[in-house]
Structure formats: C-alpha cells, structure tokens
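Structure file protein21.cif; described as mmCIF, C-alpha atoms.
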```cif
data_upload
#
loop_
_atom_site.label_atom_id
_atom_site.label_comp_id
_atom_site.auth_asym_id
_atom_site.auth_seq_id
_atom_site.Cartn_x
_atom_site.Cartn_y
_atom_site.Cartn_z
CA MET A 1242 21.32 -5.49 73.34
CA ILE A 1243 21.47 -5.91 69.56
CA LYS A 1244 19.65 -3.24 67.64
CA PRO A 1245 16.80 -4.22 65.24
CA LYS A 1246 18.92 -3.25 62.23
CA LEU A 1247 21.64 -5.66 63.32
CA HIS A 1248 19.00 -8.36 63.80
CA PHE A 1249 17.89 -7.82 60.21
CA LEU A 1250 21.47 -7.95 58.84
CA LEU A 1251 22.18 -11.13 60.76
CA LEU A 1252 19.00 -12.76 59.47
CA LEU A 1253 19.76 -11.65 55.90
CA THR A 1254 23.26 -13.14 56.11
CA ILE A 1255 21.88 -16.48 57.29
CA VAL A 1256 19.27 -16.59 54.50
CA ILE A 1257 21.85 -15.79 51.81
CA SER A 1258 24.26 -18.41 53.14
CA LEU A 1259 21.50 -21.01 52.85
CA LEU A 1260 20.18 -19.98 49.44
CA VAL A 1261 23.54 -19.75 47.64
CA PRO A 1262 24.50 -23.43 48.14
CA ILE A 1263 21.01 -24.53 47.07
CA THR A 1264 21.20 -22.47 43.89
CA PHE A 1265 24.71 -23.74 43.22
CA LEU A 1266 23.65 -27.33 43.79
CA HIS A 1267 20.93 -27.13 41.18
CA ALA A 1268 23.24 -25.41 38.70
CA GLN A 1269 25.65 -28.34 38.87
CA GLU A 1270 23.09 -31.06 38.19
CA TYR A 1271 23.62 -30.67 34.43
CA VAL A 1272 26.18 -29.23 32.02
CA MET A 1273 25.62 -25.49 31.67
CA PRO A 1274 25.37 -24.84 27.89
CA GLU A 1275 27.06 -21.41 28.18
CA ASN A 1276 30.33 -22.89 29.46
CA GLU A 1277 33.21 -23.45 27.07
CA GLY A 1278 33.40 -27.14 26.23
CA ALA A 1279 29.69 -27.72 26.84
CA THR A 1280 28.87 -27.73 23.12
CA GLU A 1281 31.28 -30.62 22.59
CA VAL A 1282 29.57 -32.57 25.37
CA THR A 1283 26.23 -31.96 23.65
CA MET A 1284 27.39 -32.87 20.15
CA TYR A 1285 29.82 -35.75 20.69
CA LYS A 1286 28.45 -37.16 23.97
CA ALA A 1287 30.75 -39.82 25.47
CA ASP A 1288 30.77 -42.35 22.64
CA THR A 1289 31.77 -42.51 18.97
CA VAL A 1290 28.39 -42.79 17.21
CA VAL A 1291 28.36 -39.25 15.78
CA ILE A 1292 32.09 -39.33 15.03
CA ASP A 1293 31.97 -42.67 13.19
CA SER A 1294 28.84 -41.83 11.20
CA ILE A 1295 29.05 -38.18 10.12
CA ILE A 1296 32.63 -37.08 10.83
CA SER A 1297 35.20 -39.81 10.13
CA ASN A 1298 32.55 -41.73 8.14
CA ASP A 1299 34.14 -45.06 9.11
CA VAL A 1300 30.68 -46.62 8.98
CA VAL A 1301 31.01 -46.34 5.18
CA LEU A 1302 34.76 -46.50 4.64
CA ILE A 1303 35.72 -49.56 6.70
CA PRO A 1304 33.25 -52.01 5.03
CA HIS A 1305 34.40 -50.84 1.60
CA ASP A 1306 38.06 -51.25 2.54
CA LEU A 1307 37.47 -54.76 3.90
CA LEU A 1308 35.63 -55.79 0.73
CA GLU A 1309 38.17 -54.18 -1.58
CA LEU A 1310 41.12 -55.80 0.20
CA GLY A 1311 39.43 -59.16 0.66
CA LYS A 1312 39.90 -59.01 4.44
CA THR A 1313 37.52 -59.96 7.25
CA THR A 1314 38.91 -58.22 10.35
CA SER A 1315 39.91 -54.67 11.21
CA VAL A 1316 41.58 -53.40 14.38
CA GLY A 1317 42.46 -49.78 14.91
CA ILE A 1318 43.18 -46.80 17.10
CA ALA A 1319 41.28 -43.57 16.47
CA THR A 1320 41.54 -40.10 17.99
CA HIS A 1321 39.04 -37.25 17.94
CA TYR A 1322 40.90 -34.12 19.04
CA SER A 1323 39.17 -30.81 19.76
CA ASP A 1324 39.81 -27.98 22.22
CA TYR A 1325 37.86 -29.41 25.15
CA THR A 1326 37.15 -33.04 24.23
CA LYS A 1327 39.55 -35.79 23.23
CA ILE A 1328 38.13 -39.24 22.51
CA TYR A 1329 40.62 -42.06 22.02
CA SER A 1330 38.93 -45.22 20.79
CA LEU A 1331 39.74 -48.82 19.95
CA PRO A 1332 37.45 -50.06 17.13
CA VAL A 1333 37.41 -53.78 16.32
CA SER A 1334 35.29 -55.35 13.58
CA TYR A 1335 34.74 -58.75 11.99
CA THR A 1336 32.97 -59.38 8.69
CA LEU A 1337 30.77 -62.35 7.82
CA TRP A 1338 30.01 -63.39 4.23
CA SER A 1339 31.85 -60.26 2.97
CA LYS A 1340 28.68 -58.28 3.69
CA LEU A 1341 27.85 -58.15 7.40
CA LYS A 1342 30.30 -56.27 9.64
CA LEU A 1343 30.07 -56.72 13.41
CA GLU A 1344 31.89 -54.15 15.52
CA VAL A 1345 32.79 -53.08 19.03
CA THR A 1346 34.28 -49.68 19.88
CA ILE A 1347 35.80 -48.90 23.28
CA PRO A 1348 36.32 -45.15 23.88
CA TYR A 1349 38.44 -43.34 26.45
CA VAL A 1350 37.31 -39.76 27.04
CA TYR A 1351 39.40 -36.78 28.14
CA ARG A 1352 37.21 -33.74 28.75
CA GLU A 1353 37.54 -30.14 29.94
CA ILE A 1354 34.89 -27.56 30.79
CA LYS A 1355 35.66 -23.91 31.47
CA ASN A 1356 33.20 -22.17 33.77
CA LYS A 1357 31.96 -18.97 32.17
CA TRP A 1358 31.52 -17.12 35.47
CA THR A 1359 34.51 -18.27 37.54
CA ASP A 1360 36.91 -18.77 34.59
CA VAL A 1361 37.98 -22.06 36.20
CA THR A 1362 38.78 -25.01 33.89
CA SER A 1363 37.90 -28.45 35.26
CA LYS A 1364 39.23 -31.68 33.77
CA ALA A 1365 38.26 -35.34 33.94
CA ASN A 1366 39.05 -38.50 32.01
CA GLY A 1367 37.99 -42.12 31.96
CA LEU A 1368 36.22 -44.89 30.08
CA GLY A 1369 33.38 -43.69 27.85
CA ASP A 1370 30.29 -45.54 26.63
CA ILE A 1371 31.09 -48.73 24.71
CA LYS A 1372 29.41 -49.10 21.32
CA THR A 1373 28.39 -52.35 19.64
CA GLY A 1374 26.83 -52.55 16.22
CA ALA A 1375 26.44 -54.15 12.84
CA ALA A 1376 26.59 -52.85 9.27
CA TYR A 1377 25.29 -54.58 6.15
CA LEU A 1378 26.71 -53.81 2.72
CA TYR A 1379 24.31 -54.33 -0.18
CA SER A 1380 25.50 -53.92 -3.77
CA PHE A 1381 22.99 -52.78 -6.37
CA SER A 1382 25.73 -52.97 -9.00
CA LYS A 1383 29.53 -52.92 -9.12
CA ASP A 1384 29.43 -49.11 -8.89
CA PHE A 1385 26.48 -48.47 -6.58
CA ASP A 1386 25.86 -49.84 -3.08
CA SER A 1387 24.30 -49.04 0.27
CA ILE A 1388 25.26 -49.66 3.89
CA THR A 1389 22.69 -49.95 6.66
CA SER A 1390 24.16 -49.67 10.14
CA ILE A 1391 22.65 -50.06 13.60
CA ALA A 1392 24.40 -49.51 16.93
CA ILE A 1393 23.75 -49.60 20.66
CA THR A 1394 25.85 -47.82 23.27
CA PHE A 1395 26.00 -48.98 26.87
CA PRO A 1396 26.39 -46.67 29.91
CA THR A 1397 29.88 -47.80 30.87
CA GLY A 1398 31.18 -44.24 31.37
CA ASP A 1399 30.70 -42.18 34.53
CA ALA A 1400 27.81 -39.81 33.79
CA GLU A 1401 27.95 -38.33 37.30
CA LYS A 1402 31.61 -37.34 37.34
CA LYS A 1403 32.14 -34.12 39.28
CA VAL A 1404 35.38 -32.22 39.77
CA VAL A 1405 35.76 -30.04 42.86
CA ASP A 1406 37.74 -26.81 42.69
CA GLU A 1407 39.08 -26.23 46.19
CA ALA A 1408 39.98 -22.60 45.52
CA SER A 1409 36.42 -21.55 44.66
CA PHE A 1410 34.65 -24.23 46.74
CA SER A 1411 32.69 -25.23 43.64
CA SER A 1412 32.17 -28.42 41.66
CA THR A 1413 31.63 -28.95 37.95
CA LEU A 1414 29.80 -31.84 36.31
CA ILE A 1415 31.98 -33.37 33.57
CA PRO A 1416 30.12 -36.38 32.15
CA LEU A 1417 32.25 -39.23 30.84
CA GLY A 1418 29.15 -41.23 29.94
CA ASN A 1419 25.55 -40.71 28.86
CA GLY A 1420 24.02 -42.51 31.82
CA SER A 1421 21.74 -44.65 29.64
CA ARG A 1422 21.69 -46.72 26.48
CA SER A 1423 21.38 -45.14 23.06
CA TYR A 1424 20.08 -46.65 19.83
CA SER A 1425 21.15 -45.42 16.41
CA ILE A 1426 20.57 -46.22 12.77
CA SER A 1427 22.36 -44.84 9.75
CA GLN A 1428 21.81 -45.32 6.04
CA SER A 1429 24.56 -44.64 3.51
CA PHE A 1430 24.84 -44.77 -0.26
CA SER A 1431 27.99 -44.87 -2.34
CA TYR A 1432 28.48 -44.47 -6.08
CA SER A 1433 31.74 -44.89 -7.99
CA LEU A 1434 31.90 -43.21 -11.38
CA PRO A 1435 32.53 -45.88 -14.06
CA ASP A 1436 36.22 -46.23 -14.93
CA SER A 1437 37.02 -43.34 -12.60
CA PRO A 1438 38.89 -42.99 -9.27
CA LEU A 1439 36.09 -40.72 -8.00
CA ARG A 1440 33.48 -41.99 -5.56
CA LEU A 1441 30.48 -40.08 -4.18
CA TYR A 1442 28.69 -40.93 -0.95
CA GLY A 1443 26.05 -39.69 1.44
CA SER A 1444 24.74 -40.74 4.86
CA ALA A 1445 21.87 -40.01 7.24
CA LEU A 1446 21.89 -40.71 10.99
CA GLY A 1447 19.35 -40.85 13.82
CA ILE A 1448 20.08 -41.44 17.53
CA MET A 1449 17.59 -41.97 20.35
CA TYR A 1450 18.50 -42.03 24.06
CA GLU A 1451 16.80 -43.69 26.99
CA ASN A 1452 16.08 -41.46 29.97
CA ALA A 1453 18.95 -41.39 32.45
CA THR A 1454 19.03 -40.96 36.22
CA ILE A 1455 21.97 -38.72 37.10
CA ASN A 1456 22.58 -37.62 40.69
CA SER A 1457 18.97 -38.63 41.53
CA ASN A 1458 17.60 -36.40 38.73
CA GLU A 1459 15.90 -37.74 35.61
CA LEU A 1460 17.40 -36.56 32.32
CA ASP A 1461 15.48 -36.75 29.04
CA ARG A 1462 18.26 -36.31 26.51
CA GLY A 1463 17.31 -34.83 23.13
CA ASN A 1464 17.52 -37.01 20.03
CA VAL A 1465 20.27 -36.39 17.47
CA TYR A 1466 19.90 -36.31 13.69
CA GLY A 1467 22.67 -35.88 11.16
CA ALA A 1468 23.64 -36.09 7.51
CA LEU A 1469 26.85 -36.18 5.50
CA ALA A 1470 27.74 -35.87 1.82
CA GLY A 1471 31.12 -35.96 0.13
CA PHE A 1472 33.49 -37.50 -2.36
CA GLU A 1473 36.86 -39.22 -2.41
CA TYR A 1474 39.51 -39.45 -5.12
CA THR A 1475 42.07 -42.25 -5.26
CA TRP A 1476 45.70 -42.00 -6.38
CA GLU A 1477 47.16 -45.51 -6.04
CA PHE A 1478 47.72 -45.82 -2.25
CA ILE A 1479 46.32 -42.40 -1.31
CA LYS A 1480 42.69 -41.36 -1.03
CA GLY A 1481 41.80 -37.70 -0.64
CA PHE A 1482 38.33 -36.70 0.50
CA VAL A 1483 36.14 -33.66 1.06
CA LYS A 1484 32.89 -33.86 3.03
CA ILE A 1485 30.28 -31.60 4.55
CA ASN A 1486 28.08 -32.67 7.45
CA TYR A 1487 25.10 -31.39 9.38
CA ILE A 1488 24.07 -32.26 12.93
CA ASP A 1489 20.85 -31.35 14.72
CA VAL A 1490 20.84 -31.96 18.49
CA LYS A 1491 17.41 -31.56 20.04
CA GLU A 1492 16.93 -29.89 23.42
CA SER A 1493 17.18 -31.98 26.59
CA LYS A 1494 15.00 -31.71 29.70
CA ILE A 1495 15.66 -32.49 33.34
CA GLN A 1496 13.38 -33.28 36.26
CA LEU A 1497 15.19 -32.36 39.46
CA SER A 1498 14.87 -34.70 42.41
CA GLY A 1499 11.84 -33.89 44.54
CA THR A 1500 10.04 -31.95 41.80
CA THR A 1501 7.31 -32.91 39.33
CA SER A 1502 8.00 -30.45 36.52
CA TRP A 1503 10.51 -30.68 33.68
CA MET A 1504 13.04 -27.93 33.02
CA GLU A 1505 14.45 -27.22 29.57
CA LEU A 1506 18.26 -27.20 29.42
CA ASN A 1507 18.65 -24.85 26.43
CA ASP A 1508 21.29 -27.20 24.97
CA SER A 1509 19.92 -27.66 21.45
CA VAL A 1510 22.41 -26.95 18.68
CA LYS A 1511 22.53 -27.17 14.90
CA ALA A 1512 25.96 -27.24 13.26
CA SER A 1513 27.73 -27.93 9.99
CA ASP A 1514 31.41 -28.60 9.23
CA VAL A 1515 33.53 -29.01 6.12
CA ILE A 1516 35.90 -31.97 6.51
CA VAL A 1517 39.08 -32.34 4.45
CA GLY A 1518 41.52 -35.21 4.76
CA ALA A 1519 43.40 -38.13 3.27
CA LEU A 1520 43.96 -41.84 3.77
CA TYR A 1521 47.25 -43.61 3.01
CA ARG A 1522 47.56 -47.37 2.69
CA VAL A 1523 50.73 -49.19 3.70
CA TYR A 1524 51.19 -52.57 1.99
CA SER A 1525 47.40 -52.95 1.74
CA ILE A 1526 47.16 -53.99 5.39
CA ILE A 1527 47.45 -50.68 7.26
CA ALA A 1528 45.50 -47.48 6.66
CA LEU A 1529 46.63 -44.13 8.07
CA LYS A 1530 43.94 -41.45 8.01
CA ALA A 1531 43.89 -37.80 9.06
CA SER A 1532 41.29 -35.07 8.63
CA VAL A 1533 40.54 -31.56 9.79
CA SER A 1534 36.99 -30.30 10.36
CA ILE A 1535 36.22 -26.62 9.83
CA PRO A 1536 33.02 -25.24 11.41
CA VAL A 1537 31.00 -23.28 8.86
CA TYR A 1538 27.64 -22.95 10.62
CA THR A 1539 26.41 -23.03 14.22
CA GLN A 1540 22.99 -22.18 15.63
CA TYR A 1541 22.58 -22.42 19.39
CA ASP A 1542 19.38 -22.64 21.40
CA LYS A 1543 17.23 -19.53 21.00
CA ASP A 1544 17.24 -18.91 24.77
CA LEU A 1545 21.03 -18.57 24.94
CA THR A 1546 22.40 -15.04 24.63
CA ASP A 1547 26.12 -15.64 25.19
CA THR A 1548 27.48 -18.71 23.43
CA PRO A 1549 30.99 -20.16 23.04
CA ASP A 1550 32.71 -20.23 19.65
CA ARG A 1551 33.22 -23.54 17.87
CA LYS A 1552 36.74 -24.13 16.58
CA LEU A 1553 38.27 -26.56 14.11
CA TYR A 1554 39.08 -30.08 15.27
CA VAL A 1555 41.04 -33.02 13.88
CA ASN A 1556 40.71 -36.79 13.64
CA PHE A 1557 43.48 -39.36 13.31
CA SER A 1558 43.27 -43.13 12.94
CA VAL A 1559 45.44 -46.16 12.25
CA THR A 1560 43.62 -49.27 11.05
CA SER A 1561 45.04 -52.73 10.42
CA PHE A 1562 43.23 -55.13 8.08
CA LEU A 1563 43.65 -58.85 8.73
#
```
Produce structure tokens that represent the structure in this file.
Amino acid sequence: MIKPKLHFLLLLTIVISLLVPITFLHAQEYVMPENEGATEVTMYKADTVVIDSIISNDVVLIPHDLLELGKTTSVGIATHYSDYTKIYSLPVSYTLWSKLKLEVTIPYVYREIKNKWTDVTSKANGLGDIKTGAAYLYSFSKDFDSITSIAITFPTGDAEKKVVDEASFSSTLIPLGNGSRSYSISQSFSYSLPDSPLRLYGSALGIMYENATINSNELDRGNVYGALAGFEYTWEFIKGFVKINYIDVKESKIQLSGTTSWMELNDSVKASDVIVGALYRVYSIIALKASVSIPVYTQYDKDLTDTPDRKLYVNFSVTSFL
C-alpha cells in the first residue's frame, strides 16, 4: 500500500508535468524581448521599410541618382548585416516623368535568436515580406526638393516559423514575416548648398501594421516612427555621408487563443545610431555603397530588467542604373 506522502509526491509530479508544457507553449507564442536577437526582430521586422527609409536612406538617394544620371530604371542587390539578422534584398524601380518612382523590393531573411535561459541559438531563413511602393520627387528649386514616399508590405514571409531544439525539447519562434500588411509613409527634404558639393537632408517615417493572426493568437503590433538627418559630400565619383537616425517602436500586444484579455509584450524600444559610409560610382551606371551603423542610444521597455546589448551593423549594396 502506498503511503499518503507518496500519493502526494506522485500527484505533484503529474501536476508539474502538465503545467510546464502549458507555460512553455504560451512563452513560445511570441518573440521573448529578453532573448538576444529579439531587438532586431522588433526594429527591422521582416521587410526593408525601416532599412530603406532611415538607415540606408535609399528612399532619398535612389530618386536623386536616377534624376542626376538621366536614367529611368534601377536594379540592385542590398544586404543588411547585423549579429542576429541578415536581410538580403532585391530592389527594382522604374521612374515615370523623371519624378514618380515605382518600386518593388523582395527580401530574403536569415535570422538567429539566442534563448536567454537555455543558451541555445536557433536559426531560420526564408522569403521575407515583399514591399511595393512609390516615391514622388518635387523640386522647389534647383537646390531644394522633397520626396514623398508610400509603401505597402505583404505577408509573404512565414510569421509562424518555429525551430525545434531536440536536445532541450523546446521550440523557438523565429518570424520570417510580419503576418499582416503594413502601410508606411515617409517625407524627406534635401538641400544642396549653392555651388557646393555638400548636400543636407532629413526624413521622417511612420509605419502602421494590421493585426495579425499567428498560431491562432491575435497580435496587435506596435506602430513604428522614425527620423533621420545627415549630409553627403561629393568628390567626383565618390560620395561620403554621415547620418544620425532615431527609431521609436511602440509596444505590441497579444491576445492568446481562448482568452479575451490582451497581454503586453514589453517589446517597445527607442534607439539611435550614427551611420557613416560612402558611395562609389562606376562609369555612371553602377553604384557601390557601404556603411556602418554605430548604436549611440537605446532605451528598452520599462518592464524589462535584463536587456541584450545592441552592436554595430553594416549595409552593402550594388545598384545598376539603366
């Protein structure tokens, strides 16, 4: 006959074995903001909207290059390279009336997330969210102009991608897509000093996301706002530039399947980087560009006590003008 104490231990073991998987299941329904690599998921998502607007600033640079060179079409390959996220993209654009640029960008995402508690790094890669958009260049004078850009991303990437670690019997969510459409608008201004190779520019960005259903849970992703200011200096075929940006990612919320309440994800982040780089033109038809971004400010969600460090990242691109 089993003693009462053994009955209690047996019952306790059964309860724990049932509760642990349930707790684990809920923890994997979203990206844990404390994990290394999670900040890059929050900031860069699975598309190129933030990168194009307030990092590489191609939203401003490409229309100016097309107008300056008298070209209508650009085709390129771009790479965003950071510790845990690599986004390789194929941007294609066509310009009408020398003013209106239509574009499509196809990204391929390689992503890693390192679990803070198990120290296990999970990896996934695949097609990201395709972006389509348009940008209109308006000249106030020969030295001063503005560019208004709008873009829509489509949920072509796998937002429910999970990687199973057989050693620890755990799975990690590594989103390769946002799971819903996003809508963005950016406004840029550019001023070239008269009879000078120096040009100043600034941009502002806003992104709104539709709610997404991921693994039967509803995700209300926080909006993103950003700004960039900088200058470039031209020496014949080389342009050097220095920029500083600011990004404000609002907190997301999730409603787990079978519940009626919303849970905050503590994934808000405010960050600023200094970006230094150069562009080199080859025979006026090819542009090679490289830049390094140095984090100078990061503020995580107030409810996080242990946060990962942000490190420098680089961007490379090769663009052909036709």
Residues matched by the PyMOL selection byres ((chain A and resi 1483) around 7), written as an NGL selection string: :A and (1471-1473 or 1482 or 1484 or 1516-1518)
Any chance you could resolve the PyMOL selection byres ((chain A and resi 1460) around 9) against this file and give the residues as a short mmCIF file (atom, residue, chain, number, x, y, z; two decimals) with C-alpha atoms, keeping the file's coordinate frame?
```cif
data_model
loop_
_atom_site.label_atom_id
_atom_site.label_comp_id
_atom_site.auth_asym_id
_atom_site.auth_seq_id
_atom_site.Cartn_x
_atom_site.Cartn_y
_atom_site.Cartn_z
CA TYR A 1271 23.62 -30.67 34.43
CA GLY A 1420 24.02 -42.51 31.82
CA GLU A 1451 16.80 -43.69 26.99
CA ASN A 1452 16.08 -41.46 29.97
CA ALA A 1453 18.95 -41.39 32.45
CA THR A 1454 19.03 -40.96 36.22
CA ILE A 1455 21.97 -38.72 37.10
CA ASN A 1458 17.60 -36.40 38.73
CA GLU A 1459 15.90 -37.74 35.61
CA ASP A 1461 15.48 -36.75 29.04
CA ARG A 1462 18.26 -36.31 26.51
CA SER A 1493 17.18 -31.98 26.59
CA LYS A 1494 15.00 -31.71 29.70
CA ILE A 1495 15.66 -32.49 33.34
CA GLN A 1496 13.38 -33.28 36.26
CA LEU A 1497 15.19 -32.36 39.46
#
```
Please determine the residues with any atom at most 10 Å from (41.1, -24.9, 38.5) (coordinates as given in the file, with all atoms listed in the file counting) and report them as a PyMOL selection string. chain A and resi 1355-1356+1359-1364+1404-1409+1411
For a cut-off of 12 Å around (25.2, -45.1, 26.4), file coordinates, pick out all residues using all atoms listed in the file and list them as a PyMOL selection string. chain A and resi 1285-1290+1347-1348+1368-1373+1392-1400+1416-1425+1448-1453+1462
With 5 Å added on each side, what axis-aligned box encloses every listed atom of stretch 1312-1331 of chain A? Give the centre and edge lengths in Å to one decimal, as AutoDock Vina command-line options.
```
--center_x 40.2 --center_y -44.0 --center_z 14.8 --size_x 16.0 --size_y 42.0 --size_z 30.7
```
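Nearest to A:Tyr1325 of all the residues A:Arg1352, A:Arg1551, A:Lys1312, A:Arg1522 is A:Arg1352, counting only C-alpha atoms.
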Answer key for the PyMOL selection byres ((chain A and resi 1492) around 8), residues as an MDAnalysis selection string: chainID A and resid 1462:1464 1490:1491 1493:1494 1505:1510 1542
Computed gap from atom CA of A:Lys1543 to atom CA of A:Trp1503 is 18.2 Å
In terms of all atoms listed in the file, the residue from A:Leu1337, A:Ile1354, A:Leu1441, A:Val1537 at minimal distance from A:Gly1311 is A:Leu1337
If you count all atoms listed in the file, which residues fall within 12 Å of stretch 1384-1390 of chain A, apart from same-chain ones fewer than 4 positions away, as a VMD selection string? chain A and resid 1290 1293 to 1294 1298 to 1305 1340 to 1344 1373 to 1380 1424 to 1448
Keeping only C-alpha atoms, take the residues you just selected and write them out as a CSV table (one decimal), keeping the file's coordinate frame.
```
chain,number,residue,atom,x,y,z
A,1290,VAL,CA,28.4,-42.8,17.2
A,1293,ASP,CA,32.0,-42.7,13.2
A,1294,SER,CA,28.8,-41.8,11.2
A,1298,ASN,CA,32.6,-41.7,8.1
A,1299,ASP,CA,34.1,-45.1,9.1
A,1300,VAL,CA,30.7,-46.6,9.0
A,1301,VAL,CA,31.0,-46.3,5.2
A,1302,LEU,CA,34.8,-46.5,4.6
A,1303,ILE,CA,35.7,-49.6,6.7
A,1304,PRO,CA,33.2,-52.0,5.0
A,1305,HIS,CA,34.4,-50.8,1.6
A,1340,LYS,CA,28.7,-58.3,3.7
A,1341,LEU,CA,27.8,-58.2,7.4
A,1342,LYS,CA,30.3,-56.3,9.6
A,1343,LEU,CA,30.1,-56.7,13.4
A,1344,GLU,CA,31.9,-54.2,15.5
A,1373,THR,CA,28.4,-52.4,19.6
A,1374,GLY,CA,26.8,-52.6,16.2
A,1375,ALA,CA,26.4,-54.2,12.8
A,1376,ALA,CA,26.6,-52.8,9.3
A,1377,TYR,CA,25.3,-54.6,6.2
A,1378,LEU,CA,26.7,-53.8,2.7
A,1379,TYR,CA,24.3,-54.3,-0.2
A,1380,SER,CA,25.5,-53.9,-3.8
A,1424,TYR,CA,20.1,-46.6,19.8
A,1425,SER,CA,21.2,-45.4,16.4
A,1426,ILE,CA,20.6,-46.2,12.8
A,1427,SER,CA,22.4,-44.8,9.8
A,1428,GLN,CA,21.8,-45.3,6.0
A,1429,SER,CA,24.6,-44.6,3.5
A,1430,PHE,CA,24.8,-44.8,-0.3
A,1431,SER,CA,28.0,-44.9,-2.3
A,1432,TYR,CA,28.5,-44.5,-6.1
A,1433,SER,CA,31.7,-44.9,-8.0
A,1434,LEU,CA,31.9,-43.2,-11.4
A,1435,PRO,CA,32.5,-45.9,-14.1
A,1436,ASP,CA,36.2,-46.2,-14.9
A,1437,SER,CA,37.0,-43.3,-12.6
A,1438,PRO,CA,38.9,-43.0,-9.3
A,1439,LEU,CA,36.1,-40.7,-8.0
A,1440,ARG,CA,33.5,-42.0,-5.6
A,1441,LEU,CA,30.5,-40.1,-4.2
A,1442,TYR,CA,28.7,-40.9,-1.0
A,1443,GLY,CA,26.0,-39.7,1.4
A,1444,SER,CA,24.7,-40.7,4.9
A,1445,ALA,CA,21.9,-40.0,7.2
A,1446,LEU,CA,21.9,-40.7,11.0
A,1447,GLY,CA,19.4,-40.8,13.8
A,1448,ILE,CA,20.1,-41.4,17.5
```
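Closest approach to A:Ala1528 among A:Ser1502, A:Asn1276, A:Ser1558, A:Thr1326: A:Ser1558, based on only C-alpha atoms.
Reported to one decimal place, the separation of atom CA of A:Ser1513 from atom CA of A:Val1555 is 14.8 Å.
Among the candidate residues A:Ser1323, A:Tyr1487, A:Phe1557, A:Glu1309, the one lying nearest to A:Thr1280 is A:Ser1323, with distances computed using all atoms listed in the file.
The closest residue to A:Lys1511, picked from A:Thr1539, A:Thr1313, A:Thr1320, A:Ser1412 and counting only C-alpha atoms, is A:Thr1539.
We find atom CA of A:Leu1310 and atom CA of A:Thr1560 to be spaced 12.9 Å apart.
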